[in-house]
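Listing of input_7.cif, mmCIF, C-alpha atoms
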data_start
loop_
_atom_site.group_PDB
_atom_site.id
_atom_site.type_symbol
_atom_site.label_atom_id
_atom_site.label_comp_id
_atom_site.auth_asym_id
_atom_site.auth_seq_id
_atom_site.Cartn_x
_atom_site.Cartn_y
_atom_site.Cartn_z
ATOM 1 C CA MET A 1 0.000 0.000 0.000
ATOM 2 C CA GLU A 2 1.109 3.568 -0.626
ATOM 3 C CA ASN A 3 2.698 5.198 2.391
ATOM 4 C CA THR A 4 0.227 8.102 2.383
ATOM 5 C CA LEU A 5 -2.588 6.039 3.915
ATOM 6 C CA LYS A 6 -4.149 7.597 6.985
ATOM 7 C CA ASN A 7 -5.300 5.908 10.155
ATOM 8 C CA PRO A 8 -8.833 4.456 9.667
ATOM 9 C CA TYR A 9 -9.561 4.232 13.408
ATOM 10 C CA LEU A 10 -12.283 6.459 14.848
ATOM 11 C CA ARG A 11 -12.798 5.163 18.388
ATOM 12 C CA GLU A 12 -12.321 2.027 20.463
ATOM 13 C CA VAL A 13 -15.378 0.523 22.149
ATOM 14 C CA GLU A 14 -15.937 -2.304 24.624
ATOM 15 C CA PRO A 15 -13.392 -5.107 24.088
ATOM 16 C CA CYS A 16 -14.403 -8.664 23.235
ATOM 17 C CA GLY A 17 -12.162 -10.676 25.532
ATOM 18 C CA ALA A 18 -8.603 -10.074 24.332
ATOM 19 C CA ILE A 19 -9.842 -8.536 21.085
ATOM 20 C CA HIS A 20 -9.879 -4.762 20.654
ATOM 21 C CA VAL A 21 -13.074 -3.572 18.959
ATOM 22 C CA TRP A 22 -12.658 -0.486 16.808
ATOM 23 C CA ILE A 23 -15.181 1.717 15.038
ATOM 24 C CA VAL A 24 -13.512 2.636 11.754
ATOM 25 C CA ASP A 25 -14.085 4.939 8.809
ATOM 26 C CA GLY A 26 -15.555 2.340 6.464
ATOM 27 C CA GLY A 27 -15.630 4.755 3.553
ATOM 28 C CA TYR A 28 -11.898 5.264 3.846
ATOM 29 C CA VAL A 29 -11.295 1.512 4.113
ATOM 30 C CA ARG A 30 -13.391 0.889 0.983
ATOM 31 C CA GLY A 31 -11.607 3.634 -0.893
ATOM 32 C CA HIS A 32 -8.026 2.753 0.041
ATOM 33 C CA LEU A 33 -7.697 -0.721 1.557
ATOM 34 C CA ASP A 34 -10.522 -2.959 0.400
ATOM 35 C CA GLU A 35 -13.388 -1.893 -1.859
ATOM 36 C CA GLU A 36 -15.384 -4.943 -0.703
ATOM 37 C CA PHE A 37 -15.155 -4.130 3.031
ATOM 38 C CA THR A 38 -18.671 -4.541 4.421
ATOM 39 C CA ASN A 39 -20.116 -3.589 7.809
ATOM 40 C CA PHE A 40 -17.328 -5.275 9.757
ATOM 41 C CA GLY A 41 -14.240 -7.440 9.447
ATOM 42 C CA GLN A 42 -11.627 -9.500 11.251
ATOM 43 C CA HIS A 43 -8.058 -10.568 10.453
ATOM 44 C CA PHE A 44 -8.672 -14.024 9.014
ATOM 45 C CA ARG A 45 -11.105 -12.615 6.460
ATOM 46 C CA CYS A 46 -9.358 -9.241 6.008
ATOM 47 C CA PRO A 47 -5.584 -9.686 6.464
ATOM 48 C CA TYR A 48 -4.962 -5.935 6.737
ATOM 49 C CA ILE A 49 -6.804 -5.973 10.088
ATOM 50 C CA PRO A 50 -4.491 -6.865 13.010
ATOM 51 C CA THR A 51 -5.062 -10.318 14.505
ATOM 52 C CA ASP A 52 -6.291 -8.953 17.843
ATOM 53 C CA GLU A 53 -8.758 -6.444 16.419
ATOM 54 C CA PHE A 54 -12.333 -6.345 15.107
ATOM 55 C CA TRP A 55 -13.249 -3.484 12.790
ATOM 56 C CA ILE A 56 -16.832 -2.203 12.626
ATOM 57 C CA ASP A 57 -17.933 0.467 10.165
ATOM 58 C CA ASP A 58 -19.201 3.710 11.662
ATOM 59 C CA GLU A 59 -23.005 3.613 11.451
ATOM 60 C CA ALA A 60 -25.227 6.514 10.447
ATOM 61 C CA GLU A 61 -28.381 5.113 11.996
ATOM 62 C CA HIS A 62 -29.433 2.022 13.956
ATOM 63 C CA ASP A 63 -26.955 0.493 16.372
ATOM 64 C CA GLU A 64 -26.096 -3.042 15.227
ATOM 65 C CA ARG A 65 -22.692 -3.309 16.891
ATOM 66 C CA ALA A 66 -23.736 -6.025 19.349
ATOM 67 C CA PHE A 67 -24.914 -8.242 16.472
ATOM 68 C CA PHE A 68 -21.714 -7.690 14.521
ATOM 69 C CA VAL A 69 -19.530 -8.557 17.517
ATOM 70 C CA VAL A 70 -21.392 -11.855 17.982
ATOM 71 C CA HIS A 71 -20.679 -12.662 14.325
ATOM 72 C CA LEU A 72 -17.052 -11.575 14.437
ATOM 73 C CA LYS A 73 -16.270 -13.447 17.648
ATOM 74 C CA LEU A 74 -17.391 -16.814 16.282
ATOM 75 C CA GLU A 75 -16.017 -16.273 12.759
ATOM 76 C CA HIS A 76 -12.611 -15.263 14.176
ATOM 77 C CA GLN A 77 -12.547 -18.224 16.561
ATOM 78 C CA LEU A 78 -13.447 -20.769 13.883
ATOM 79 C CA MET A 79 -11.053 -19.433 11.264
ATOM 80 C CA ALA A 80 -8.214 -19.186 13.795
ATOM 81 C CA ALA A 81 -8.751 -22.922 14.354
ATOM 82 C CA GLY A 82 -8.432 -23.574 10.621
ATOM 83 C CA MET A 83 -12.020 -23.583 9.392
ATOM 84 C CA PRO A 84 -12.422 -22.137 5.849
ATOM 85 C CA TYR A 85 -14.263 -18.843 5.571
ATOM 86 C CA GLU A 86 -17.037 -20.417 3.501
ATOM 87 C CA ARG A 87 -17.992 -22.658 6.447
ATOM 88 C CA ALA A 88 -17.224 -20.194 9.220
ATOM 89 C CA ILE A 89 -19.490 -17.487 7.842
ATOM 90 C CA VAL A 90 -22.470 -19.853 7.728
ATOM 91 C CA LEU A 91 -22.122 -20.573 11.445
ATOM 92 C CA ALA A 92 -21.373 -16.949 12.291
ATOM 93 C CA ASP A 93 -24.414 -15.786 10.322
ATOM 94 C CA GLU A 94 -26.603 -18.194 12.280
ATOM 95 C CA ALA A 95 -25.229 -16.908 15.592
ATOM 96 C CA GLU A 96 -25.913 -13.346 14.458
ATOM 97 C CA ARG A 97 -29.467 -14.278 13.410
ATOM 98 C CA LYS A 98 -30.131 -15.706 16.869
ATOM 99 C CA ALA A 99 -28.901 -12.458 18.445
ATOM 100 C CA ARG A 100 -31.218 -10.449 16.208
ATOM 101 C CA ARG A 101 -34.154 -12.705 17.139
ATOM 102 C CA ARG A 102 -33.373 -12.310 20.850
ATOM 103 C CA ALA A 103 -33.431 -8.543 20.359
ATOM 104 C CA GLY A 104 -36.978 -8.834 19.001
ATOM 105 C CA ASP A 105 -36.239 -7.590 15.484
ATOM 106 C CA VAL A 106 -37.812 -10.552 13.714
ATOM 107 C CA ALA A 107 -40.869 -10.807 15.965
ATOM 108 C CA LYS A 108 -41.696 -7.129 15.493
ATOM 109 C CA ALA A 109 -41.384 -7.339 11.714
ATOM 110 C CA THR A 110 -43.358 -10.558 11.260
ATOM 111 C CA HIS A 111 -45.908 -10.264 14.068
ATOM 112 C CA HIS A 112 -44.263 -13.151 15.932
ATOM 113 C CA GLY A 113 -43.791 -15.264 12.841
ATOM 114 C CA GLN A 114 -47.416 -15.138 11.720
ATOM 115 C CA GLN A 115 -46.735 -13.466 8.374
ATOM 116 C CA LEU A 116 -43.990 -12.581 5.928
ATOM 117 C CA PRO A 117 -42.395 -9.178 6.469
ATOM 118 C CA ASP A 118 -43.601 -6.314 4.274
ATOM 119 C CA ALA A 119 -40.802 -5.021 2.033
ATOM 120 C CA ASN A 120 -42.361 -1.558 2.110
ATOM 121 C CA ALA A 121 -41.734 -1.467 5.855
ATOM 122 C CA ALA A 122 -38.024 -1.165 5.055
ATOM 123 C CA HIS A 123 -38.562 2.219 3.387
ATOM 124 C CA GLU A 124 -37.278 5.201 5.361
ATOM 125 C CA ARG A 125 -37.638 7.878 2.687
ATOM 126 C CA LEU A 126 -37.814 8.185 -1.061
ATOM 127 C CA TRP A 127 -34.562 9.690 -2.273
ATOM 128 C CA LYS A 128 -35.628 10.172 -5.876
ATOM 129 C CA LYS A 129 -37.802 8.716 -8.604
ATOM 130 C CA LEU A 130 -35.924 8.606 -11.891
ATOM 131 C CA GLU A 131 -37.333 9.377 -15.320
ATOM 132 C CA ASN A 132 -37.150 5.676 -16.235
ATOM 133 C CA GLY A 133 -39.554 4.893 -13.370
ATOM 134 C CA VAL A 134 -36.973 3.473 -10.943
ATOM 135 C CA SER A 135 -37.455 4.580 -7.335
ATOM 136 C CA VAL A 136 -34.395 4.995 -5.120
ATOM 137 C CA TRP A 137 -35.169 4.486 -1.443
ATOM 138 C CA ILE A 138 -33.157 5.010 1.714
ATOM 139 C CA VAL A 139 -34.028 1.897 3.718
ATOM 140 C CA ASN A 140 -33.694 0.708 7.292
ATOM 141 C CA GLY A 141 -30.605 -1.485 6.999
ATOM 142 C CA ARG A 142 -31.109 -3.118 10.371
ATOM 143 C CA PHE A 143 -34.629 -4.166 9.373
ATOM 144 C CA VAL A 144 -33.378 -5.615 6.061
ATOM 145 C CA ARG A 145 -30.554 -7.577 7.698
ATOM 146 C CA SER A 146 -32.747 -8.888 10.484
ATOM 147 C CA VAL A 147 -35.727 -10.074 8.446
ATOM 148 C CA PHE A 148 -34.605 -10.480 4.818
ATOM 149 C CA ASP A 149 -30.860 -10.966 4.282
ATOM 150 C CA ILE A 150 -28.251 -10.816 7.009
ATOM 151 C CA ASP A 151 -25.554 -10.101 4.405
ATOM 152 C CA PHE A 152 -27.269 -7.018 2.923
ATOM 153 C CA THR A 153 -24.635 -4.283 2.805
ATOM 154 C CA ALA A 154 -24.597 -0.706 1.496
ATOM 155 C CA GLY A 155 -27.304 -1.134 -1.143
ATOM 156 C CA GLY A 156 -29.122 -3.393 -3.559
ATOM 157 C CA HIS A 157 -31.801 -3.566 -6.224
ATOM 158 C CA ASP A 158 -34.537 -5.736 -7.668
ATOM 159 C CA HIS A 159 -32.278 -7.551 -10.137
ATOM 160 C CA VAL A 160 -30.254 -9.042 -7.270
ATOM 161 C CA TYR A 161 -32.591 -9.336 -4.276
ATOM 162 C CA GLU A 162 -35.945 -11.054 -4.627
ATOM 163 C CA PHE A 163 -37.358 -9.107 -1.674
ATOM 164 C CA VAL A 164 -36.716 -5.703 -3.267
ATOM 165 C CA PRO A 165 -39.881 -4.638 -5.126
ATOM 166 C CA THR A 166 -39.711 -4.341 -8.905
ATOM 167 C CA GLY A 167 -38.305 -1.034 -10.054
ATOM 168 C CA GLU A 168 -36.582 -0.164 -6.781
ATOM 169 C CA VAL A 169 -33.012 0.520 -5.683
ATOM 170 C CA TRP A 170 -32.313 0.427 -1.946
ATOM 171 C CA ILE A 171 -29.563 2.379 -0.171
ATOM 172 C CA ASP A 172 -28.751 1.321 3.393
ATOM 173 C CA ASP A 173 -29.346 4.074 5.946
ATOM 174 C CA ALA A 174 -26.284 2.845 7.844
ATOM 175 C CA ILE A 175 -24.145 4.366 5.100
ATOM 176 C CA LEU A 176 -22.977 7.842 6.046
ATOM 177 C CA GLU A 177 -24.145 10.728 3.868
ATOM 178 C CA LYS A 178 -20.631 11.353 2.536
ATOM 179 C CA GLU A 179 -20.575 7.849 1.007
ATOM 180 C CA ARG A 180 -24.100 7.511 -0.336
ATOM 181 C CA GLY A 181 -23.355 8.948 -3.763
ATOM 182 C CA PHE A 182 -20.692 6.321 -4.430
ATOM 183 C CA VAL A 183 -22.971 3.498 -3.298
ATOM 184 C CA LEU A 184 -25.781 4.920 -5.420
ATOM 185 C CA LEU A 185 -23.515 4.950 -8.484
ATOM 186 C CA HIS A 186 -22.589 1.304 -7.907
ATOM 187 C CA GLU A 187 -26.183 0.163 -7.573
ATOM 188 C CA LEU A 188 -27.518 2.144 -10.532
ATOM 189 C CA HIS A 189 -24.714 1.041 -12.842
ATOM 190 C CA GLU A 190 -25.028 -2.587 -11.735
ATOM 191 C CA ARG A 191 -28.800 -2.571 -12.204
ATOM 192 C CA ASN A 192 -28.521 -0.973 -15.649
ATOM 193 C CA ARG A 193 -25.941 -3.525 -16.741
ATOM 194 C CA MET A 194 -28.016 -6.445 -15.455
ATOM 195 C CA ALA A 195 -31.056 -5.033 -17.257
ATOM 196 C CA ASP A 196 -28.952 -5.440 -20.405
ATOM 197 C CA ALA A 197 -28.502 -9.149 -19.564
ATOM 198 C CA VAL A 198 -24.995 -8.808 -18.121
ATOM 199 C CA PRO A 199 -24.485 -11.493 -15.411
ATOM 200 C CA TYR A 200 -24.296 -10.294 -11.821
ATOM 201 C CA SER A 201 -20.639 -11.220 -11.332
ATOM 202 C CA ALA A 202 -19.527 -9.155 -14.323
ATOM 203 C CA ALA A 203 -21.890 -6.267 -13.557
ATOM 204 C CA HIS A 204 -20.747 -6.162 -9.925
ATOM 205 C CA ALA A 205 -17.052 -6.170 -10.846
ATOM 206 C CA GLU A 206 -17.594 -3.385 -13.375
ATOM 207 C CA SER A 207 -19.608 -1.350 -10.892
ATOM 208 C CA SER A 208 -17.010 -1.802 -8.154
ATOM 209 C CA HIS A 209 -14.320 -0.545 -10.525
ATOM 210 C CA LEU A 210 -16.412 2.517 -11.417
ATOM 211 C CA GLU A 211 -17.236 3.188 -7.768
ATOM 212 C CA LEU A 212 -13.584 2.987 -6.741
ATOM 213 C CA ARG A 213 -12.537 5.343 -9.524
ATOM 214 C CA CYS A 214 -15.048 7.932 -8.355
ATOM 215 C CA ARG A 215 -13.963 7.517 -4.743
ATOM 216 C CA HIS A 216 -10.492 8.559 -5.908
ATOM 217 C CA HIS A 217 -11.845 11.168 -8.355
ATOM 218 C CA PRO A 218 -14.997 12.569 -6.691
ATOM 219 C CA ASP A 219 -15.184 15.345 -9.272
ATOM 220 C CA GLU A 220 -16.322 12.666 -11.747
ATOM 221 C CA LEU A 221 -19.221 11.411 -9.622
ATOM 222 C CA HIS A 222 -21.857 13.850 -10.886
ATOM 223 C CA ASP A 223 -21.284 13.002 -14.546
ATOM 224 C CA ALA A 224 -21.066 9.278 -13.785
ATOM 225 C CA LEU A 225 -24.434 9.379 -12.013
ATOM 226 C CA ALA A 226 -25.982 11.348 -14.864
ATOM 227 C CA ALA A 227 -24.840 8.645 -17.270
ATOM 228 C CA GLU A 228 -26.835 6.123 -15.217
ATOM 229 C CA GLY A 229 -30.042 8.157 -15.350
ATOM 230 C CA TRP A 230 -29.644 10.241 -12.195
ATOM 231 C CA ALA A 231 -30.583 13.652 -13.519
#
Go ahead and render the structure in this file as structure tokens.
Amino acid sequence: MENTLKNPYLREVEPCGAIHVWIVDGGYVRGHLDEEFTNFGQHFRCPYIPTDEFWIDDEAEHDERAFFVVHLKLEHQLMAAGMPYERAIVLADEAERKARRRAGDVAKATHHGQQLPDANAAHERLWKKLENGVSVWIVNGRFVRSVFDIDFTAGGHDHVYEFVPTGEVWIDDAILEKERGFVLLHELHERNRMADAVPYSAAHAESSHLELRCRHHPDELHDALAAEGWA
């Protein structure tokens, strides 16, 4: 890495045993260390994180730190013992789901399991409706992770997630305002490419490349968004 990288740490919170738990500037991490950094990470998944640290992205809205620590603790323990990430994340996801259920998230959203959650309940506010009819919503990320997909991160759209209504793009309200434009660009570009029959893997890679370029050249973001229909 270039030697001009700054310190991503924002503040240390309650430790998890011998592990130091840090709130970090996730936008900076995504822009300079790992464009695929999600809501949290640990050393055996993200080698740039010290072995005795958990990193959790600074959250704009709902506090999910306790859930993330449950996940990280088990994932770190299993991978330190030699379990592959692909198996460790399945078990860590299940532990996180149980923590979310204990907190009452699932019961509140499904009326104690008596019905499927309403996707519209995830809506926080309409950001914009585009000329092509696509609606971009800021959504309650905690709600989405608790009742739909525990791995939902940053944003998504109807061509990837079956629970996102047709013609919608969702932006996680956990993403800080300063980062939302970059996430929006990724999701709009990816959706437009998939609408042209480009497979998800290729569309995602292309969108990640475009997002990263704009993170390093923010003066290009406005024109890049306009090219995706954001006008």
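Listed by chain and then by number, the residues chosen by the PyMOL selection byres ((chain A and resi 109) around 12) in this file are Arg100, Arg101, Ala103, Gly104, Asp105, Val106, Ala107, Lys108, Thr110, His111, His112, Gly113, Gln114, Gln115, Leu116, Pro117, Asp118, Ala119, Asn120, Ala121, Ala122, Asn140, Arg142, Phe143, Val144, Arg145, Ser146, Val147 and Phe148 of chain A.
What the PyMOL selection byres ((chain A and resi 214) around 12) picks from this file is Arg30, Gly31, Glu35, Glu179, Gly181, Phe182, Val183, Leu184, Leu185, His186, Ser207, Ser208, His209, Leu210, Glu211, Leu212, Arg213, Arg215, His216, His217, Pro218, Asp219, Glu220, Leu221, His222, Asp223, Ala224 and Leu225 of chain A.
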- Message: Neighbouring residues of Trp137 in chain A were defined as those with any atom within 8 Å, considering all atoms listed in the file; residues of the same chain fewer than 5 positions away were excluded. Please report them as number ranges by chain.
- Response: A: 123-128, 168-171
Hey, can I get the axis-aligned box for range 85-96 of chain A? All listed atoms, 3 Å padding on each side, centre and edge lengths in Å to one decimal, as JSON.
{"center_x": -20.4, "center_y": -18.0, "center_z": 9.5, "size_x": 18.3, "size_y": 15.3, "size_z": 18.1}
- Task: I would like the residues chosen by the PyMOL selection byres ((chain A and resi 19-29) around 6) on the shown file; could you give them as a PyMOL selection string?
- Result: chain A and resi 8-13+15-18+30-34+52-58
Excluding same-chain residues fewer than 6 positions from Gly141 in chain A, what lies within 10 Å of it counting only C-alpha atoms, as a compact mmCIF listing (two decimals) with C-alpha atoms, in the coordinates of the input?
# COMPACT_ATOMS: atom_id res chain seq x y z
CA GLU A 61 -28.38 5.11 12.00
CA HIS A 62 -29.43 2.02 13.96
CA GLU A 64 -26.10 -3.04 15.23
CA ALA A 122 -38.02 -1.16 5.06
CA HIS A 123 -38.56 2.22 3.39
CA GLU A 124 -37.28 5.20 5.36
CA ASP A 149 -30.86 -10.97 4.28
CA ILE A 150 -28.25 -10.82 7.01
CA PHE A 152 -27.27 -7.02 2.92
CA THR A 153 -24.64 -4.28 2.80
CA ALA A 154 -24.60 -0.71 1.50
CA GLY A 155 -27.30 -1.13 -1.14
CA TRP A 170 -32.31 0.43 -1.95
CA ILE A 171 -29.56 2.38 -0.17
CA ASP A 172 -28.75 1.32 3.39
CA ASP A 173 -29.35 4.07 5.95
CA ALA A 174 -26.28 2.84 7.84
CA ILE A 175 -24.14 4.37 5.10
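Of the residues under consideration (A:Ala227, A:Leu130, A:Ala66, A:Met79), A:Met79 shows the shortest atom-to-atom contact distance to Cys46 in chain A when counting only C-alpha atoms.
Candidate residues A:His189, A:Arg180, A:Arg102, A:His159 were compared for distance to Phe67 in chain A, and the nearest is A:Arg102, using all atoms listed in the file.
CA of Gly156 in chain A lies 23.7 Å from CA of Val69 in chain A.
Across A:Glu75, A:Glu59, A:Asp151, A:Glu190, the tightest approach to Ile89 in chain A is made by A:Glu75 when counting all atoms listed in the file.
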- Between CA of His43 in chain A and CA of Glu187 in chain A, measure the distance and give it in Å to one decimal. 27.7 Å
